[in-house]
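Content type compact mmCIF, C-alpha atoms, from the file coords-v1.txt:
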```txt
# COMPACT_ATOMS: atom_id res chain seq x y z
CA MET A 1 -32.12 -14.57 -8.07
CA ILE A 2 -29.48 -16.42 -10.12
CA ASN A 3 -27.80 -14.48 -12.95
CA THR A 4 -28.68 -15.56 -16.50
CA THR A 5 -25.02 -16.20 -17.26
CA GLU A 6 -24.86 -18.67 -14.35
CA LYS A 7 -28.06 -20.57 -15.18
CA ASP A 8 -27.86 -24.25 -16.00
CA SER A 9 -27.00 -25.10 -19.61
CA ASN A 10 -29.84 -25.91 -21.99
CA TYR A 11 -27.97 -29.15 -22.73
CA GLN A 12 -27.45 -32.15 -20.46
CA ASP A 13 -24.80 -34.92 -20.45
CA LEU A 14 -22.21 -33.02 -22.50
CA ASP A 15 -19.66 -35.67 -21.56
CA LYS A 16 -21.74 -38.30 -23.39
CA MET A 17 -22.00 -36.32 -26.66
CA SER A 18 -20.00 -37.18 -29.76
CA VAL A 19 -17.58 -34.61 -31.17
CA LEU A 20 -20.07 -33.80 -33.94
CA GLU A 21 -22.88 -33.29 -31.41
CA LEU A 22 -20.67 -31.02 -29.30
CA LEU A 23 -19.66 -28.90 -32.28
CA THR A 24 -23.20 -28.71 -33.68
CA ASN A 25 -24.73 -27.71 -30.34
CA ILE A 26 -22.04 -25.12 -29.53
CA ASN A 27 -22.57 -23.59 -32.97
CA LYS A 28 -26.36 -23.62 -32.48
CA GLU A 29 -25.91 -21.59 -29.29
CA ASP A 30 -23.42 -19.23 -30.95
CA THR A 31 -25.92 -18.32 -33.70
CA THR A 32 -28.10 -16.64 -31.06
CA VAL A 33 -25.39 -14.13 -30.09
CA PRO A 34 -25.62 -11.64 -33.01
CA LEU A 35 -29.39 -11.46 -32.48
CA ALA A 36 -28.85 -10.54 -28.83
CA VAL A 37 -26.31 -7.90 -29.89
CA GLU A 38 -28.77 -6.46 -32.42
CA LYS A 39 -31.25 -5.80 -29.62
CA SER A 40 -28.64 -3.70 -27.79
CA ILE A 41 -27.81 -1.37 -30.72
CA PRO A 42 -30.04 1.40 -29.25
CA GLN A 43 -27.77 1.28 -26.16
CA ILE A 44 -24.51 1.10 -28.15
CA GLU A 45 -25.32 4.13 -30.33
CA PRO A 46 -25.25 6.84 -27.62
CA LEU A 47 -22.08 5.31 -26.12
CA VAL A 48 -20.31 5.55 -29.48
CA LYS A 49 -21.54 9.12 -30.00
CA ILE A 50 -20.24 10.34 -26.64
CA ALA A 51 -16.92 8.52 -27.17
CA VAL A 52 -16.49 10.24 -30.56
CA GLU A 53 -17.37 13.61 -29.03
CA LYS A 54 -14.85 13.17 -26.20
CA MET A 55 -12.08 11.86 -28.46
CA GLN A 56 -12.57 14.73 -30.91
CA SER A 57 -11.83 17.00 -27.95
CA GLY A 58 -8.60 15.16 -27.13
CA GLY A 59 -10.00 12.48 -24.84
CA ARG A 60 -9.17 8.78 -24.77
CA LEU A 61 -11.13 5.54 -24.51
CA PHE A 62 -10.38 3.13 -21.65
CA TYR A 63 -11.62 -0.45 -21.20
CA ILE A 64 -11.49 -2.06 -17.75
CA GLY A 65 -12.28 -5.69 -17.03
CA ALA A 66 -11.18 -8.93 -15.39
CA GLY A 67 -10.42 -12.34 -16.89
CA THR A 68 -11.87 -12.92 -20.36
CA SER A 69 -13.57 -9.51 -20.34
CA GLY A 70 -10.29 -7.76 -19.52
CA ARG A 71 -8.46 -9.70 -22.22
CA LEU A 72 -11.06 -8.80 -24.83
CA GLY A 73 -10.70 -5.11 -23.96
CA ILE A 74 -6.91 -5.33 -24.30
CA LEU A 75 -7.29 -7.14 -27.63
CA ASP A 76 -9.59 -4.46 -29.03
CA ALA A 77 -7.40 -1.61 -27.76
CA SER A 78 -4.15 -3.15 -29.03
CA GLU A 79 -5.56 -3.56 -32.54
CA CYS A 80 -6.49 0.11 -32.99
CA PRO A 81 -2.96 1.49 -33.62
CA PRO A 82 -1.99 -1.00 -36.38
CA THR A 83 -5.43 -0.88 -37.99
CA TYR A 84 -6.05 2.86 -37.86
CA GLY A 85 -2.60 4.37 -37.33
CA VAL A 86 -3.64 6.04 -34.08
CA PRO A 87 -1.33 6.61 -31.08
CA PHE A 88 -1.11 3.60 -28.74
CA ASP A 89 -2.63 5.63 -25.90
CA TRP A 90 -5.85 6.63 -27.70
CA VAL A 91 -7.57 3.36 -26.74
CA VAL A 92 -6.26 1.61 -23.62
CA GLY A 93 -7.25 -1.78 -22.19
CA LEU A 94 -6.68 -2.51 -18.49
CA ILE A 95 -7.10 -5.88 -16.79
CA ALA A 96 -7.48 -6.75 -13.11
CA GLY A 97 -4.16 -8.16 -11.92
CA GLY A 98 -2.09 -6.25 -14.50
CA ASP A 99 -0.42 -7.52 -17.66
CA ILE A 100 0.51 -10.88 -16.10
CA ALA A 101 -3.24 -11.62 -16.00
CA ILE A 102 -3.41 -11.52 -19.81
CA ARG A 103 -1.84 -14.98 -19.92
CA LYS A 104 -2.40 -16.35 -16.44
CA ALA A 105 -5.33 -15.95 -14.06
CA VAL A 106 -4.46 -13.82 -11.03
CA GLU A 107 -6.42 -15.04 -8.01
CA PHE A 108 -8.88 -12.59 -6.46
CA ALA A 109 -7.58 -9.63 -8.54
CA GLU A 110 -11.12 -8.91 -9.73
CA ASP A 111 -12.38 -8.60 -6.14
CA ASP A 112 -10.46 -5.38 -5.43
CA MET A 113 -12.82 -2.38 -5.63
CA GLU A 114 -9.97 0.16 -5.50
CA GLN A 115 -7.48 -1.17 -8.05
CA ALA A 116 -9.17 -0.15 -11.32
CA TRP A 117 -9.10 3.52 -10.38
CA LYS A 118 -5.44 3.24 -9.35
CA ASP A 119 -4.72 1.66 -12.74
CA LEU A 120 -6.60 4.47 -14.52
CA GLU A 121 -4.82 7.16 -12.50
CA GLU A 122 -1.49 5.96 -13.90
CA PHE A 123 -2.75 7.32 -17.23
CA ALA A 124 -3.76 10.67 -15.66
CA ILE A 125 -7.40 9.96 -16.46
CA ASN A 126 -9.55 13.10 -16.63
CA SER A 127 -13.00 14.37 -17.60
CA ASP A 128 -12.10 14.36 -21.33
CA ASP A 129 -11.89 10.54 -21.26
CA VAL A 130 -14.42 7.68 -21.46
CA VAL A 131 -14.24 4.47 -19.39
CA ILE A 132 -16.10 1.33 -20.49
CA GLY A 133 -16.35 -1.48 -17.94
CA ILE A 134 -16.59 -4.98 -19.41
CA ALA A 135 -18.00 -7.83 -17.30
CA ALA A 136 -20.18 -10.76 -18.38
CA SER A 137 -21.71 -11.07 -14.92
CA GLY A 138 -22.13 -7.33 -14.41
CA THR A 139 -20.97 -7.83 -10.81
CA THR A 140 -17.13 -7.67 -10.94
CA PRO A 141 -15.91 -5.47 -8.02
CA TYR A 142 -12.83 -4.27 -9.99
CA VAL A 143 -15.16 -2.82 -12.63
CA ILE A 144 -17.82 -1.50 -10.22
CA GLY A 145 -15.18 0.39 -8.21
CA GLY A 146 -13.54 1.81 -11.34
CA LEU A 147 -16.81 3.08 -12.80
CA ARG A 148 -17.94 4.51 -9.46
CA LYS A 149 -14.74 6.54 -9.04
CA ALA A 150 -14.88 7.62 -12.69
CA ASN A 151 -18.42 8.92 -12.16
CA GLU A 152 -17.33 10.80 -9.04
CA SER A 153 -14.48 12.36 -11.04
CA GLY A 154 -16.69 13.58 -13.90
CA VAL A 155 -15.53 10.91 -16.37
CA VAL A 156 -18.08 9.48 -18.85
CA THR A 157 -18.77 5.80 -18.13
CA GLY A 158 -20.21 2.93 -20.16
CA CYS A 159 -20.31 -0.83 -19.78
CA ILE A 160 -20.81 -4.10 -21.66
CA VAL A 161 -22.56 -6.75 -19.55
CA CYS A 162 -24.52 -9.94 -20.24
CA ASN A 163 -27.02 -9.94 -17.36
CA GLY A 164 -30.02 -7.68 -16.90
CA ASN A 165 -30.28 -5.15 -14.05
CA SER A 166 -26.68 -5.67 -12.92
CA PRO A 167 -24.77 -3.48 -10.44
CA ILE A 168 -22.34 -2.44 -13.21
CA ALA A 169 -25.16 -1.38 -15.57
CA LYS A 170 -26.65 0.69 -12.74
CA GLU A 171 -23.23 2.35 -12.20
CA ALA A 172 -22.58 3.14 -15.90
CA GLN A 173 -24.01 6.27 -17.52
CA PHE A 174 -24.21 4.43 -20.87
CA PRO A 175 -24.91 0.75 -20.13
CA VAL A 176 -24.93 -1.87 -22.89
CA GLU A 177 -26.68 -5.08 -21.86
CA VAL A 178 -26.43 -8.07 -24.21
CA ILE A 179 -28.47 -10.92 -22.72
CA VAL A 180 -27.19 -14.12 -24.34
CA GLY A 181 -28.72 -16.63 -21.91
CA PRO A 182 -27.14 -19.72 -20.30
CA GLU A 183 -23.80 -20.97 -21.63
CA PHE A 184 -23.31 -24.36 -23.32
CA VAL A 185 -20.99 -25.29 -20.45
CA THR A 186 -22.79 -23.86 -17.42
CA GLY A 187 -21.21 -20.58 -16.33
CA SER A 188 -18.45 -20.60 -18.98
CA THR A 189 -18.83 -16.95 -19.96
CA ARG A 190 -15.81 -16.99 -22.27
CA MET A 191 -18.23 -18.59 -24.76
CA LYS A 192 -21.44 -16.75 -25.75
CA ALA A 193 -20.92 -13.82 -23.38
CA GLY A 194 -17.32 -13.42 -24.55
CA THR A 195 -18.41 -13.58 -28.19
CA ALA A 196 -21.06 -10.93 -27.55
CA GLN A 197 -18.53 -8.66 -25.85
CA LYS A 198 -16.09 -9.10 -28.76
CA LEU A 199 -18.80 -8.17 -31.27
CA VAL A 200 -19.81 -5.06 -29.31
CA LEU A 201 -16.18 -3.98 -28.88
CA ASN A 202 -15.65 -4.39 -32.64
CA MET A 203 -18.71 -2.23 -33.25
CA ILE A 204 -17.66 0.48 -30.79
CA SER A 205 -14.02 0.88 -31.83
CA THR A 206 -14.69 0.54 -35.56
CA SER A 207 -17.56 3.07 -35.50
CA VAL A 208 -15.51 5.48 -33.38
CA MET A 209 -12.49 5.27 -35.70
CA ILE A 210 -14.63 5.78 -38.82
CA GLN A 211 -16.33 8.77 -37.20
CA LEU A 212 -12.90 10.17 -36.31
CA GLY A 213 -11.94 10.05 -40.00
CA ARG A 214 -9.56 7.07 -39.86
CA VAL A 215 -11.25 5.31 -42.82
CA LYS A 216 -11.61 6.61 -46.38
CA GLY A 217 -14.45 5.01 -48.34
CA ASN A 218 -14.18 1.50 -46.92
CA LYS A 219 -10.38 1.37 -46.64
CA MET A 220 -7.94 1.45 -43.69
CA VAL A 221 -5.89 4.28 -45.18
CA ASP A 222 -4.01 4.93 -41.92
CA MET A 223 -3.06 1.32 -41.15
CA GLN A 224 0.55 0.60 -40.18
CA LEU A 225 2.39 -1.07 -43.06
CA SER A 226 4.17 -3.49 -40.75
CA ASN A 227 4.49 -6.58 -42.97
CA HIS A 228 4.58 -7.59 -46.66
CA LYS A 229 0.87 -8.49 -46.72
CA LEU A 230 -0.11 -5.03 -45.46
CA VAL A 231 2.30 -3.26 -47.82
CA GLY A 232 0.70 -5.19 -50.70
CA ARG A 233 -2.75 -4.17 -49.48
CA GLY A 234 -1.57 -0.56 -49.26
CA VAL A 235 -0.25 -0.65 -52.82
CA ARG A 236 -3.59 -1.99 -54.09
CA MET A 237 -5.45 0.78 -52.21
CA VAL A 238 -3.27 3.45 -53.81
CA MET A 239 -3.79 1.90 -57.26
CA ALA A 240 -7.56 1.76 -56.79
CA GLU A 241 -7.81 5.32 -55.48
CA THR A 242 -5.45 7.04 -57.95
CA GLY A 243 -5.48 4.85 -61.05
CA VAL A 244 -1.66 4.55 -61.11
CA ASP A 245 0.13 1.30 -61.96
CA GLU A 246 1.63 -1.05 -59.37
CA GLU A 247 5.16 0.27 -59.79
CA THR A 248 4.08 3.88 -59.21
CA ALA A 249 1.88 2.90 -56.27
CA THR A 250 4.76 0.96 -54.69
CA ALA A 251 7.06 3.95 -55.13
CA LEU A 252 4.46 6.25 -53.51
CA ILE A 253 4.07 3.87 -50.56
CA GLU A 254 7.84 3.63 -50.13
CA GLU A 255 8.21 7.41 -50.26
CA PHE A 256 5.38 8.35 -47.90
CA GLY A 257 5.07 5.19 -45.77
CA ASN A 258 1.31 5.58 -45.45
CA VAL A 259 -1.64 4.97 -47.77
CA ARG A 260 -3.43 8.25 -46.98
CA LYS A 261 -0.29 10.35 -47.49
CA ALA A 262 0.58 8.49 -50.70
CA ILE A 263 -2.89 9.18 -52.15
CA GLU A 264 -3.02 12.80 -50.98
CA ASN A 265 0.46 13.63 -52.29
CA HIS A 266 -0.24 12.00 -55.66
CA GLN A 267 -3.54 13.92 -55.97
CA HIS A 268 -1.76 17.14 -54.97
CA LEU A 269 0.96 16.61 -57.58
CA THR A 270 -1.52 15.80 -60.38
CA LYS A 271 -3.46 19.00 -59.66
CA HIS A 272 -0.38 21.18 -60.10
```
Show the structure stored in the file as structure tokens.
Amino acid sequence: MINTTEKDSNYQDLDKMSVLELLTNINKEDTTVPLAVEKSIPQIEPLVKIAVEKMQSGGRLFYIGAGTSGRLGILDASECPPTYGVPFDWVVGLIAGGDIAIRKAVEFAEDDMEQAWKDLEEFAINSDDVVIGIAASGTTPYVIGGLRKANESGVVTGCIVCNGNSPIAKEAQFPVEVIVGPEFVTGSTRMKAGTAQKLVLNMISTSVMIQLGRVKGNKMVDMQLSNHKLVGRGVRMVMAETGVDEETATALIEEFGNVRKAIENHQHLTKH
């Protein structure tokens, strides 16, 4: 049986379409993705809960994938430290073929069943951690092998796949299956499948970080103030939370270098 992600596109003669037709039809397909993700929320919820539980006990979250899926995991992981001020090794993305594969496809890297576990072992992976395998097809050997070894080693496993009843979903303890159907360009899973994976990764990491206390109200109070735009945002957060003027808020940010600390220290001083 052919995988859904490999089925023929619902559209024929793409090469004869106008630019407007191409854009309209791609967008029409893309609108179906959030609805597919919505159906998988009952699968995402327990995965988030176990990840929070493990990370509260000192564990880490690992993503493993190949190609687009691997890149999306690395993207999500790399954005957690600047957004939430967490250590760079709290959420880790690993890609088949290593870092060179982020920019350039590495031939046959995804076909190695052993390599993902070797990559994870470099981080001294243990039973406090969680590993999420990402693969549109649900058949990538790199991911299957990594999840299998993780299971054998008592590590919690999850996955994000875009085909039903896949080998990876069978391997994962907490499978997330987002069935987005055939791609606009047949088999081009960087499109709808990739979008679905990005949405789910956003949901997982954001929910985990909020549950771990890295957001106050609706604000990123632990974000790294690494450019003028973010410093300005930090100043506005301090003003909104404490009622001080811009000059005072700027001084607090400069002194404490962090929105949460600026707010907490101001509140502490005003109480005494």
Compare A:Ile144, A:Val155, A:Val200, A:Ile44 by their minimum atom-to-atom distance to Met113 of chain A, counting only C-alpha atoms, and give me the closest one.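 Counting only C-alpha atoms, the residue closest to Met113 of chain A is A:Ile144.
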Between A:Thr270, A:Thr31, A:Ser205, A:Ser127, which has the minimum distance to Trp90 of chain A (counting only C-alpha atoms)? A:Ser205
Interatomic distance, atom CA of Ser226 of chain A to atom CA of Val86 of chain A (Å, one decimal):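 Separation between atom CA of Ser226 of chain A and atom CA of Val86 of chain A: 14.0 Å.
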Distance in Å - atom CA of Leu201 of chain A versus atom CA of Asp76 of chain A: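 Atom CA of Asp76 of chain A lies 6.6 Å from atom CA of Leu201 of chain A.
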d(atom CA of Arg260 of chain A, atom CA of Ile204 of chain A) in Å: 22.9 Å
For the point (-28.0, -10.8, -28.3) in the file's frame, write as JSON, numbers by chain all residues with an atom no more than 6 Å away, counting all atoms listed in the file. {"A": [33, 34, 35, 36, 37, 178, 179, 180]}
Minimum-distance residue to Pro175 of chain A, chosen among A:Ala196, A:Leu47, A:Met203, A:Leu61 (using only C-alpha atoms):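 Of all the options, A:Leu47 lies closest to Pro175 of chain A.
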Selection: 9 Å around Val231 of chain A, all atoms listed in the file, excl. self and same-chain fewer than 6 positions, as a list of chain:residue names: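 Counting only the stated atoms, we get A:Gln224, A:Leu225, A:Thr250, A:Ile253.
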Could you check the closest approach to Lys28 of chain A for each of A:Phe184, A:Val156, A:Lys198, A:Lys170 and tell me which residue wins, using only C-alpha atoms?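 Looking only at the distances to Lys28 of chain A, the closest residue turns out to be A:Phe184.
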Starting from the incomplete input, reconstruct N, CA and C atoms of segment 72-108 of chain A and write that as a short mmCIF file (atom, residue, chain, number, x, y, z; two decimals), in the frame of the given file.
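Writing the result to part-v1.cif gives the following:
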```cif
data_model
loop_
_atom_site.label_atom_id
_atom_site.label_comp_id
_atom_site.auth_asym_id
_atom_site.auth_seq_id
_atom_site.Cartn_x
_atom_site.Cartn_y
_atom_site.Cartn_z
N LEU A 72 -10.38 -9.27 -23.62
CA LEU A 72 -11.06 -8.80 -24.83
C LEU A 72 -10.88 -7.29 -25.01
N GLY A 73 -10.93 -6.55 -23.89
CA GLY A 73 -10.70 -5.11 -23.96
C GLY A 73 -9.29 -4.78 -24.43
N ILE A 74 -8.31 -5.53 -23.89
CA ILE A 74 -6.91 -5.33 -24.30
C ILE A 74 -6.73 -5.67 -25.77
N LEU A 75 -7.37 -6.74 -26.21
CA LEU A 75 -7.29 -7.14 -27.63
C LEU A 75 -7.81 -6.03 -28.53
N ASP A 76 -8.98 -5.52 -28.20
CA ASP A 76 -9.59 -4.46 -29.03
C ASP A 76 -8.72 -3.21 -29.04
N ALA A 77 -8.22 -2.82 -27.86
CA ALA A 77 -7.40 -1.61 -27.76
C ALA A 77 -6.10 -1.77 -28.53
N SER A 78 -5.48 -2.95 -28.42
CA SER A 78 -4.15 -3.15 -29.03
C SER A 78 -4.23 -3.21 -30.55
N GLU A 79 -5.42 -3.47 -31.09
CA GLU A 79 -5.56 -3.56 -32.54
C GLU A 79 -5.87 -2.22 -33.20
N CYS A 80 -6.18 -1.20 -32.40
CA CYS A 80 -6.49 0.11 -32.99
C CYS A 80 -5.28 0.80 -33.63
N PRO A 81 -4.10 0.82 -32.97
CA PRO A 81 -2.96 1.49 -33.62
C PRO A 81 -2.55 0.87 -34.97
N PRO A 82 -2.38 -0.48 -35.07
CA PRO A 82 -1.99 -1.00 -36.38
C PRO A 82 -3.08 -0.86 -37.44
N THR A 83 -4.34 -0.95 -37.02
CA THR A 83 -5.43 -0.88 -37.99
C THR A 83 -5.71 0.54 -38.46
N TYR A 84 -5.63 1.49 -37.54
CA TYR A 84 -6.05 2.86 -37.86
C TYR A 84 -4.94 3.90 -37.73
N GLY A 85 -3.72 3.44 -37.40
CA GLY A 85 -2.60 4.37 -37.33
C GLY A 85 -2.73 5.41 -36.24
N VAL A 86 -3.45 5.08 -35.18
CA VAL A 86 -3.64 6.04 -34.08
C VAL A 86 -2.58 5.80 -33.01
N PRO A 87 -2.30 6.80 -32.17
CA PRO A 87 -1.33 6.61 -31.08
C PRO A 87 -1.77 5.48 -30.15
N PHE A 88 -0.80 4.78 -29.58
CA PHE A 88 -1.11 3.60 -28.74
C PHE A 88 -1.92 3.96 -27.51
N ASP A 89 -1.91 5.26 -27.12
CA ASP A 89 -2.63 5.63 -25.90
C ASP A 89 -4.01 6.27 -26.17
N TRP A 90 -4.50 6.15 -27.40
CA TRP A 90 -5.85 6.63 -27.70
C TRP A 90 -6.91 5.69 -27.12
N VAL A 91 -6.67 4.39 -27.28
CA VAL A 91 -7.57 3.36 -26.74
C VAL A 91 -6.72 2.45 -25.87
N VAL A 92 -7.10 2.32 -24.59
CA VAL A 92 -6.26 1.61 -23.62
C VAL A 92 -7.10 0.53 -22.92
N GLY A 93 -6.58 -0.69 -22.91
CA GLY A 93 -7.25 -1.78 -22.19
C GLY A 93 -6.52 -2.10 -20.90
N LEU A 94 -7.27 -2.19 -19.80
CA LEU A 94 -6.68 -2.51 -18.49
C LEU A 94 -7.37 -3.75 -17.92
N ILE A 95 -6.57 -4.63 -17.33
CA ILE A 95 -7.10 -5.88 -16.79
C ILE A 95 -6.76 -6.00 -15.31
N ALA A 96 -7.71 -6.50 -14.53
CA ALA A 96 -7.48 -6.75 -13.11
C ALA A 96 -6.30 -7.71 -12.95
N GLY A 97 -5.34 -7.32 -12.12
CA GLY A 97 -4.16 -8.16 -11.92
C GLY A 97 -2.99 -7.74 -12.78
N GLY A 98 -3.19 -6.75 -13.67
CA GLY A 98 -2.09 -6.25 -14.50
C GLY A 98 -1.78 -7.16 -15.67
N ASP A 99 -0.72 -6.82 -16.40
CA ASP A 99 -0.42 -7.52 -17.66
C ASP A 99 -0.17 -9.02 -17.49
N ILE A 100 0.29 -9.44 -16.32
CA ILE A 100 0.51 -10.88 -16.10
C ILE A 100 -0.80 -11.65 -16.25
N ALA A 101 -1.93 -10.97 -15.95
CA ALA A 101 -3.24 -11.62 -16.00
C ALA A 101 -3.73 -11.85 -17.42
N ILE A 102 -3.04 -11.27 -18.41
CA ILE A 102 -3.41 -11.52 -19.81
C ILE A 102 -3.23 -12.99 -20.14
N ARG A 103 -2.15 -13.58 -19.62
CA ARG A 103 -1.84 -14.98 -19.92
C ARG A 103 -2.23 -15.94 -18.81
N LYS A 104 -2.22 -15.45 -17.59
CA LYS A 104 -2.40 -16.35 -16.44
C LYS A 104 -3.36 -15.72 -15.44
N ALA A 105 -4.35 -16.48 -15.01
CA ALA A 105 -5.33 -15.95 -14.06
C ALA A 105 -4.64 -15.52 -12.77
N VAL A 106 -4.98 -14.32 -12.30
CA VAL A 106 -4.46 -13.82 -11.03
C VAL A 106 -5.57 -13.93 -9.99
N GLU A 107 -5.36 -14.76 -8.97
CA GLU A 107 -6.42 -15.04 -8.01
C GLU A 107 -6.90 -13.78 -7.28
N PHE A 108 -8.20 -13.63 -7.23
CA PHE A 108 -8.88 -12.59 -6.46
C PHE A 108 -8.61 -11.15 -6.93
#
```
